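Participant: Below is the file entry-v5.cif, with mmCIF, C-alpha atoms.
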data_model
#
loop_
_atom_site.label_atom_id
_atom_site.label_comp_id
_atom_site.auth_asym_id
_atom_site.auth_seq_id
_atom_site.Cartn_x
_atom_site.Cartn_y
_atom_site.Cartn_z
CA LEU A 1 84.93 91.42 101.50
CA ASN A 2 82.01 89.14 100.76
CA ILE A 3 80.00 87.14 103.29
CA ALA A 4 82.69 84.44 103.40
CA GLY A 5 85.32 87.05 104.27
CA LEU A 6 86.97 86.86 100.85
CA ARG A 7 87.98 89.58 98.41
CA ILE A 8 86.40 90.05 94.98
CA ASP A 9 88.95 87.70 93.39
CA GLY A 10 88.51 85.04 96.10
CA ARG A 11 91.65 85.82 98.11
CA ARG A 12 91.97 86.35 101.82
CA ASN A 13 93.51 89.57 103.17
CA ASN A 14 96.99 88.05 103.53
CA GLU A 15 97.17 86.30 100.17
CA ILE A 16 98.97 87.50 97.05
CA ARG A 17 97.65 86.98 93.55
CA LEU A 18 98.58 84.03 91.38
CA MET A 19 102.05 84.41 89.87
CA ASN A 20 103.48 82.85 86.71
CA CYS A 21 106.75 83.55 84.98
CA LYS A 22 108.90 82.52 82.05
CA LEU A 23 112.66 82.97 82.33
CA ASN A 24 114.86 83.22 79.23
CA TYR A 25 111.83 84.62 77.42
CA TYR A 26 114.07 86.21 74.79
CA SER A 27 117.16 84.29 73.75
CA ASN A 28 118.92 87.24 72.07
CA VAL A 29 119.57 89.09 75.35
CA GLU A 30 121.66 88.12 78.38
CA GLY A 31 118.61 87.71 80.62
CA SER A 32 114.84 88.08 80.44
CA CYS A 33 111.69 87.41 82.43
CA TYR A 34 108.02 87.58 81.54
CA LEU A 35 106.00 87.78 84.75
CA GLN A 36 102.28 87.71 85.42
CA GLN A 37 101.18 88.72 88.90
CA GLY A 38 97.42 88.79 88.91
CA LEU A 39 96.49 90.87 85.87
CA ASN A 40 99.85 92.64 85.86
CA LYS A 41 102.03 91.60 82.94
CA VAL A 42 105.68 92.66 82.88
CA LEU A 43 108.54 91.87 80.51
CA VAL A 44 112.07 92.68 81.67
CA LEU A 45 115.15 92.42 79.43
CA VAL A 46 118.73 92.61 80.71
CA HIS A 47 121.52 93.70 78.37
CA GLY A 48 125.13 93.31 79.43
CA PRO A 49 127.52 93.60 81.02
CA GLN A 50 128.51 95.49 77.88
CA GLU A 51 130.57 98.45 76.81
CA PRO A 52 128.78 101.68 77.81
CA ILE A 53 126.94 103.36 74.96
CA ARG A 54 128.35 106.70 76.10
CA ARG A 55 132.08 106.41 76.66
CA ASN A 56 131.98 109.29 79.13
CA ASP A 57 130.05 106.99 81.50
CA THR A 58 132.95 104.50 81.69
CA ASN A 59 134.16 103.82 85.24
CA ASN A 60 137.50 102.04 85.67
CA ASP A 61 136.58 100.81 89.17
CA GLU A 62 133.04 99.50 88.75
CA GLY A 63 130.22 99.08 86.28
CA SER A 64 127.10 101.21 85.93
CA LEU A 65 123.41 100.36 85.96
CA THR A 66 120.84 101.97 83.68
CA CYS A 67 117.08 101.36 83.69
CA MET A 68 114.61 102.13 80.90
CA PHE A 69 110.88 101.90 81.61
CA ILE A 70 108.32 101.58 78.82
CA ASN A 71 104.64 101.72 79.70
CA ALA A 72 102.29 100.36 77.04
CA PRO A 73 99.47 102.86 76.32
CA PHE A 74 96.88 100.08 76.82
CA SER A 75 98.40 98.76 80.06
CA GLY A 76 96.04 100.26 82.64
CA LEU A 77 92.66 101.79 83.24
CA GLU A 78 93.82 105.07 81.71
CA ARG A 79 94.09 104.64 77.93
CA LYS A 80 96.60 107.39 77.38
CA LYS A 81 100.06 107.18 75.93
CA ARG A 82 102.91 108.13 78.22
CA ARG A 83 105.79 109.95 76.60
CA ASN A 84 109.27 108.57 77.06
CA GLY A 85 110.88 110.40 79.96
CA ASP A 86 107.65 111.49 81.67
CA ARG A 87 107.85 112.04 85.42
CA LYS A 88 106.21 108.75 86.43
CA SER A 89 108.49 106.73 84.19
CA GLN A 90 111.53 108.56 85.51
CA GLU A 91 110.50 107.81 89.10
CA ILE A 92 110.19 104.10 88.34
CA GLU A 93 113.55 104.06 86.55
CA LYS A 94 115.24 105.80 89.48
CA THR A 95 113.61 103.45 91.99
CA ILE A 96 114.83 100.37 90.12
CA GLU A 97 118.34 101.78 89.80
CA ASN A 98 118.49 102.69 93.51
CA ILE A 99 117.30 99.25 94.63
CA PHE A 100 119.51 97.14 92.40
CA ASN A 101 122.59 99.34 92.76
CA VAL A 102 122.63 98.05 96.35
CA VAL A 103 122.68 94.33 95.52
CA ILE A 104 124.44 94.06 92.14
CA LYS A 105 128.20 93.59 92.53
CA LEU A 106 129.13 96.35 90.12
CA ASP A 107 132.78 96.18 91.19
CA LEU A 108 133.00 92.90 89.25
CA TYR A 109 132.08 94.71 86.02
CA PRO A 110 134.53 97.63 85.62
CA LYS A 111 134.22 99.69 82.44
CA SER A 112 130.89 98.00 81.74
CA GLU A 113 127.21 98.86 81.74
CA ILE A 114 124.17 96.77 82.66
CA VAL A 115 120.95 97.96 81.04
CA ILE A 116 117.54 96.91 82.37
CA VAL A 117 114.63 97.47 79.99
CA ILE A 118 111.18 97.14 81.56
CA HIS A 119 107.98 96.79 79.53
CA LEU A 120 104.76 97.15 81.53
CA LEU A 121 102.26 95.43 79.25
CA GLU A 122 99.24 95.33 81.56
CA SER A 123 98.65 96.95 84.93
CA ASP A 124 96.08 96.20 87.63
CA GLY A 125 97.38 97.57 90.91
CA SER A 126 100.68 96.90 92.74
CA ALA A 127 102.50 97.25 89.43
CA ILE A 128 105.76 98.45 90.99
CA SER A 129 105.93 95.21 93.00
CA ALA A 130 105.53 93.10 89.86
CA ILE A 131 108.20 95.21 88.13
CA ILE A 132 110.73 94.75 90.95
CA ASN A 133 110.04 91.00 91.20
CA ALA A 134 110.39 90.54 87.44
CA THR A 135 113.64 92.53 87.45
CA THR A 136 115.12 90.30 90.15
CA LEU A 137 114.32 87.20 88.10
CA ALA A 138 115.66 88.71 84.86
CA LEU A 139 118.97 89.60 86.54
CA ILE A 140 119.26 86.05 87.89
CA ASP A 141 118.53 84.71 84.41
CA ALA A 142 121.33 86.94 83.06
CA GLY A 143 123.76 85.54 85.61
CA ILE A 144 124.46 88.96 87.12
CA ALA A 145 126.37 88.64 90.39
CA MET A 146 124.35 89.92 93.35
CA SER A 147 125.01 89.98 97.07
CA ASP A 148 121.37 89.12 97.72
CA ILE A 149 118.04 88.97 95.94
CA VAL A 150 115.06 91.23 96.57
CA ALA A 151 111.30 90.85 96.49
CA CYS A 152 108.54 93.42 96.71
CA CYS A 153 104.95 93.28 97.97
CA THR A 154 102.34 96.04 98.14
CA ILE A 155 100.41 96.55 101.38
CA GLY A 156 97.22 98.55 101.81
CA VAL A 157 94.71 99.53 104.47
CA ILE A 158 90.99 99.42 103.69
CA LYS A 159 88.54 100.17 106.52
CA ASP A 160 91.34 99.57 109.06
CA GLN A 161 92.10 96.10 107.67
CA ILE A 162 95.45 95.22 106.09
CA TYR A 163 95.55 93.73 102.58
CA LEU A 164 98.42 92.32 100.52
CA ASP A 165 99.02 92.73 96.79
CA LEU A 166 96.18 95.14 96.08
CA SER A 167 94.36 95.24 92.77
CA GLN A 168 93.62 98.59 91.11
CA LEU A 169 90.10 98.72 92.55
CA GLU A 170 91.44 97.91 96.03
CA GLN A 171 94.05 100.65 95.74
CA LEU A 172 91.33 103.17 94.88
CA ALA A 173 89.35 102.05 97.95
CA SER A 174 92.34 102.11 100.32
CA SER A 175 93.21 104.90 102.72
CA VAL A 176 96.90 104.12 102.18
CA HIS A 177 98.90 101.65 100.11
CA PHE A 178 102.63 101.29 99.58
CA PRO A 179 105.27 98.84 98.34
CA ILE A 180 107.86 97.23 100.59
CA THR A 181 111.04 95.68 99.20
CA ILE A 182 113.22 93.44 101.36
CA LEU A 183 116.46 91.48 101.12
CA ARG A 184 116.08 87.72 101.29
CA LYS A 185 118.90 86.86 103.71
CA SER A 186 118.54 89.59 106.32
CA GLU A 187 114.89 90.54 105.67
CA GLU A 188 116.12 94.13 105.83
CA VAL A 189 113.74 96.66 104.30
CA LEU A 190 115.51 98.06 101.24
CA PHE A 191 112.77 100.31 99.84
CA ILE A 192 109.48 101.65 101.12
CA GLN A 193 107.40 104.56 99.85
CA ILE A 194 104.48 105.89 101.89
CA ASP A 195 102.61 108.94 100.62
CA ASN A 196 99.85 109.11 103.28
CA LYS A 197 99.93 109.30 107.07
CA LEU A 198 99.91 106.05 109.06
CA SER A 199 100.17 105.44 112.82
CA ASN A 200 103.30 103.68 114.07
CA ASP A 201 101.31 100.68 115.31
CA LYS A 202 99.50 100.25 112.00
CA LEU A 203 102.76 100.74 110.10
CA ASN A 204 104.46 97.99 112.11
CA ASP A 205 101.52 95.66 111.45
CA CYS A 206 101.71 96.48 107.74
CA LEU A 207 105.45 95.84 107.63
CA GLN A 208 105.06 92.45 109.31
CA GLN A 209 102.40 91.41 106.81
CA GLY A 210 104.44 92.81 103.93
CA ILE A 211 107.51 90.80 104.94
CA LEU A 212 105.39 87.64 105.01
CA GLY A 213 104.14 88.49 101.53
CA CYS A 214 107.72 88.95 100.31
CA LYS A 215 108.67 85.57 101.77
CA THR A 216 105.91 83.97 99.71
CA ILE A 217 107.32 85.69 96.62
CA PHE A 218 110.85 84.47 97.43
CA THR A 219 109.50 80.91 97.49
CA PHE A 220 107.89 81.49 94.10
CA MET A 221 111.19 82.84 92.74
CA GLU A 222 113.16 79.84 93.99
CA ASN A 223 110.68 77.41 92.44
CA SER A 224 110.70 79.32 89.15
CA ILE A 225 114.50 79.28 88.97
CA LYS A 226 114.65 75.54 89.71
CA GLU A 227 112.01 74.84 87.07
CA SER A 228 113.90 76.92 84.50
CA MET A 229 117.17 75.11 85.26
CA LEU A 230 115.52 71.72 84.89
CA GLN A 231 114.08 72.75 81.53
CA LEU A 232 117.55 73.84 80.34
CA LEU A 233 119.02 70.50 81.44
CA GLU A 234 116.32 68.62 79.58
CA ILE A 235 117.02 70.62 76.41
CA ARG A 236 120.76 69.92 76.62
CA GLU A 237 120.17 66.19 77.15
#
Mind turning the file's structure into structure tokens?

Facilitator:
Amino acid sequence: LNIAGLRIDGRRNNEIRLMNCKLNYYSNVEGSCYLQQGLNKVLVLVHGPQEPIRRNDTNNDEGSLTCMFINAPFSGLERKKRRNGDRKSQEIEKTIENIFNVVIKLDLYPKSEIVIVIHLLESDGSAISAIINATTLALIDAGIAMSDIVACCTIGVIKDQIYLDLSQLEQLASSVHFPITILRKSEEVLFIQIDNKLSNDKLNDCLQQGILGCKTIFTFMENSIKESMLQLLEIRE
């Protein structure tokens, strides 16, 4: 924090970075979203519902969800190329599948597959949050039926103070940082991943701040969807 109590980028502790998005970014897929959250840049494409590529994966009762994560070699501070199927990529793919398997109404898509392809173009801390938020918007753009929508915000602790939506430098300076994903209607925590120890009191404080951050993101999502719908109406007129 500087003398005015602001972070390097001018934000207060409880503020998230500027967000911008473009829905229907690619017209040749069912749904797409290009999202900028701070310096994070994410492109998510949704294919389907479609016939499963592997017929053995066909389920007569409900559809299936598959996630593919592609990390650009120039996306972060480390300029190294990640191989397809590396451990980090697999963890992200599994996380996305676990989260959205809960909210997507797969029983409405029997014998079908929904494929989510995520391109992380640039990364500057809290990337998993940007990925989850972009995926939510891309699924909405694709018209995929969901019981609820989700938003994610990263929380961190630096010198015993709580920060939202940490940059890469802030993550390196933090004693602990973790993403929290919640449902919009119930505000139920759907996903949380903490690697370091944290007292119960501090954890509760972090969760409260994280939920507030997610609410801000929900508002952004609603405004983005309304803006996209108005643009489509204008085009049709």

Participant: From the list A:Leu120, A:Leu230, A:Ile211, A:Leu203, which residue is nearest A:Thr135 when using all atoms listed in the file?

Facilitator: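 Under the stated criterion, the closest residue is A:Leu120.
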
Participant: From the options A:Leu65, A:Leu207, A:Leu23, A:Ile131, which residue's atoms come nearest to A:Asn98, counting all atoms listed in the file?

Facilitator: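 Ranking A:Leu65, A:Leu207, A:Leu23, A:Ile131 by distance to A:Asn98, first place goes to A:Leu65.
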
Participant: Starting from the shown file, work through the PyMOL selection byres ((chain A and resi 188) around 12) and note down what comes out as a PDB file with C-alpha atoms, keeping the file's coordinate frame.

Facilitator:
ATOM      1  CA  ASP A 148     121.370  89.120  97.720  1.00  0.00           C
ATOM      2  CA  ILE A 149     118.040  88.970  95.940  1.00  0.00           C
ATOM      3  CA  VAL A 150     115.060  91.230  96.570  1.00  0.00           C
ATOM      4  CA  ALA A 151     111.300  90.850  96.490  1.00  0.00           C
ATOM      5  CA  CYS A 152     108.540  93.420  96.710  1.00  0.00           C
ATOM      6  CA  ILE A 180     107.860  97.230 100.590  1.00  0.00           C
ATOM      7  CA  THR A 181     111.040  95.680  99.200  1.00  0.00           C
ATOM      8  CA  ILE A 182     113.220  93.440 101.360  1.00  0.00           C
ATOM      9  CA  LEU A 183     116.460  91.480 101.120  1.00  0.00           C
ATOM     10  CA  ARG A 184     116.080  87.720 101.290  1.00  0.00           C
ATOM     11  CA  LYS A 185     118.900  86.860 103.710  1.00  0.00           C
ATOM     12  CA  SER A 186     118.540  89.590 106.320  1.00  0.00           C
ATOM     13  CA  GLU A 187     114.890  90.540 105.670  1.00  0.00           C
ATOM     14  CA  VAL A 189     113.740  96.660 104.300  1.00  0.00           C
ATOM     15  CA  LEU A 190     115.510  98.060 101.240  1.00  0.00           C
ATOM     16  CA  PHE A 191     112.770 100.310  99.840  1.00  0.00           C
ATOM     17  CA  ILE A 192     109.480 101.650 101.120  1.00  0.00           C
ATOM     18  CA  LEU A 207     105.450  95.840 107.630  1.00  0.00           C
ATOM     19  CA  GLN A 208     105.060  92.450 109.310  1.00  0.00           C
ATOM     20  CA  GLY A 210     104.440  92.810 103.930  1.00  0.00           C
ATOM     21  CA  ILE A 211     107.510  90.800 104.940  1.00  0.00           C
ATOM     22  CA  CYS A 214     107.720  88.950 100.310  1.00  0.00           C
TER      23      CYS A 214
END

Participant: Please indicate the distance in Å from atom CA of A:Thr216 to atom CA of A:Ser175, rounded to one decimal place.

Facilitator: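 Computing the Euclidean distance for atom CA of A:Thr216 and atom CA of A:Ser175 yields 24.7 Å.
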
Participant: Taking the file as I've supplied it (selection: the PyMOL selection byres ((chain A and resi 35) around 8)), which residues are included? Please answer as a PyMOL selection string.

Facilitator: chain A and resi 19-22+33-34+36-37+40-43+130+134

Participant: Would you compute the distance between atom CA of A:Leu106 and atom CA of A:Val46? Give it in Å to one decimal.

Facilitator: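 Pair atom CA of A:Leu106 / atom CA of A:Val46 returns 14.5 Å.
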
Participant: For A:Ala72, which residue out of A:Ser123, A:Thr95, A:Thr154, A:Asn14 is the nearest one, using only C-alpha atoms?

Facilitator: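 So, comparing all the options, the nearest one is A:Ser123.
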
Participant: Between A:Val102, A:Leu139, A:Ile158, A:Leu212, which is the closest to A:Glu15 once you count only C-alpha atoms?

Facilitator: A:Leu212

Participant: Rounded to one decimal place, report the atom CA of A:Asp165-atom CA of A:Asp9 distance in Å.

Facilitator: 11.8 Å

Participant: Find, counting all atoms listed in the file, the residue in A:Lys105, A:Lys159, A:Arg87, A:His47 that gets nearest to A:Ser27.

Facilitator: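 Counting all atoms listed in the file, the residue closest to A:Ser27 is A:His47.
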
Participant: Which is closest to A:Ser224 among A:Val103, A:Leu137, A:Ile194, A:Val176, if we use only C-alpha atoms?

Facilitator: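 Once distances to A:Ser224 are computed over only C-alpha atoms, the minimum belongs to A:Leu137.
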
Participant: So which residues touch A:Asn13 within 8 Å, counting all atoms listed in the file, skipping near sequence neighbours fewer than 5 positions away, as a ChimeraX atom specification?

Facilitator: /A:6-7,162-164

Participant: I want to know what sits within 12 Å of A:Ser199, based on all atoms listed in the file, with residues of the same chain fewer than 6 positions away left out; could you give that as a PyMOL selection string?

Facilitator: chain A and resi 157+160+176+205-206

Participant: Could you save the residues just selected, with C-alpha atoms, as a JSON list (two decimals), in the frame of the given file?

Facilitator:
[["chain", "number", "residue", "atom", "x", "y", "z"],
["A", 157, "VAL", "CA", 94.71, 99.53, 104.47],
["A", 160, "ASP", "CA", 91.34, 99.57, 109.06],
["A", 176, "VAL", "CA", 96.90, 104.12, 102.18],
["A", 205, "ASP", "CA", 101.52, 95.66, 111.45],
["A", 206, "CYS", "CA", 101.71, 96.48, 107.74]]

Participant: Might you pull out every residue within 7 Å of A:Gln168, with all atoms listed in the file counted and same-chain residues fewer than 4 positions away left off, and present them as a compact mmCIF listing (two decimals) with C-alpha atoms, in the frame of the given file?

Facilitator:
# COMPACT_ATOMS: atom_id res chain seq x y z
CA ASP A 124 96.08 96.20 87.63
CA GLY A 125 97.38 97.57 90.91
CA LEU A 172 91.33 103.17 94.88

Participant: Apply the PyMOL selection byres ((chain A and resi 118) around 7) to the file shown and report the selected residues as a list in words.

Facilitator: Leu43, Val44, Leu45, Met68, Phe69, Ile70, Ile116, Val117, His119 and Leu120 of chain A

Participant: Using the selection just defined, write its residues with C-alpha atoms as a PDB file, keeping the file's coordinate frame.

Facilitator:
ATOM      1  CA  LEU A  43     108.540  91.870  80.510  1.00  0.00           C
ATOM      2  CA  VAL A  44     112.070  92.680  81.670  1.00  0.00           C
ATOM      3  CA  LEU A  45     115.150  92.420  79.430  1.00  0.00           C
ATOM      4  CA  MET A  68     114.610 102.130  80.900  1.00  0.00           C
ATOM      5  CA  PHE A  69     110.880 101.900  81.610  1.00  0.00           C
ATOM      6  CA  ILE A  70     108.320 101.580  78.820  1.00  0.00           C
ATOM      7  CA  ILE A 116     117.540  96.910  82.370  1.00  0.00           C
ATOM      8  CA  VAL A 117     114.630  97.470  79.990  1.00  0.00           C
ATOM      9  CA  HIS A 119     107.980  96.790  79.530  1.00  0.00           C
ATOM     10  CA  LEU A 120     104.760  97.150  81.530  1.00  0.00           C
TER      11      LEU A 120
END
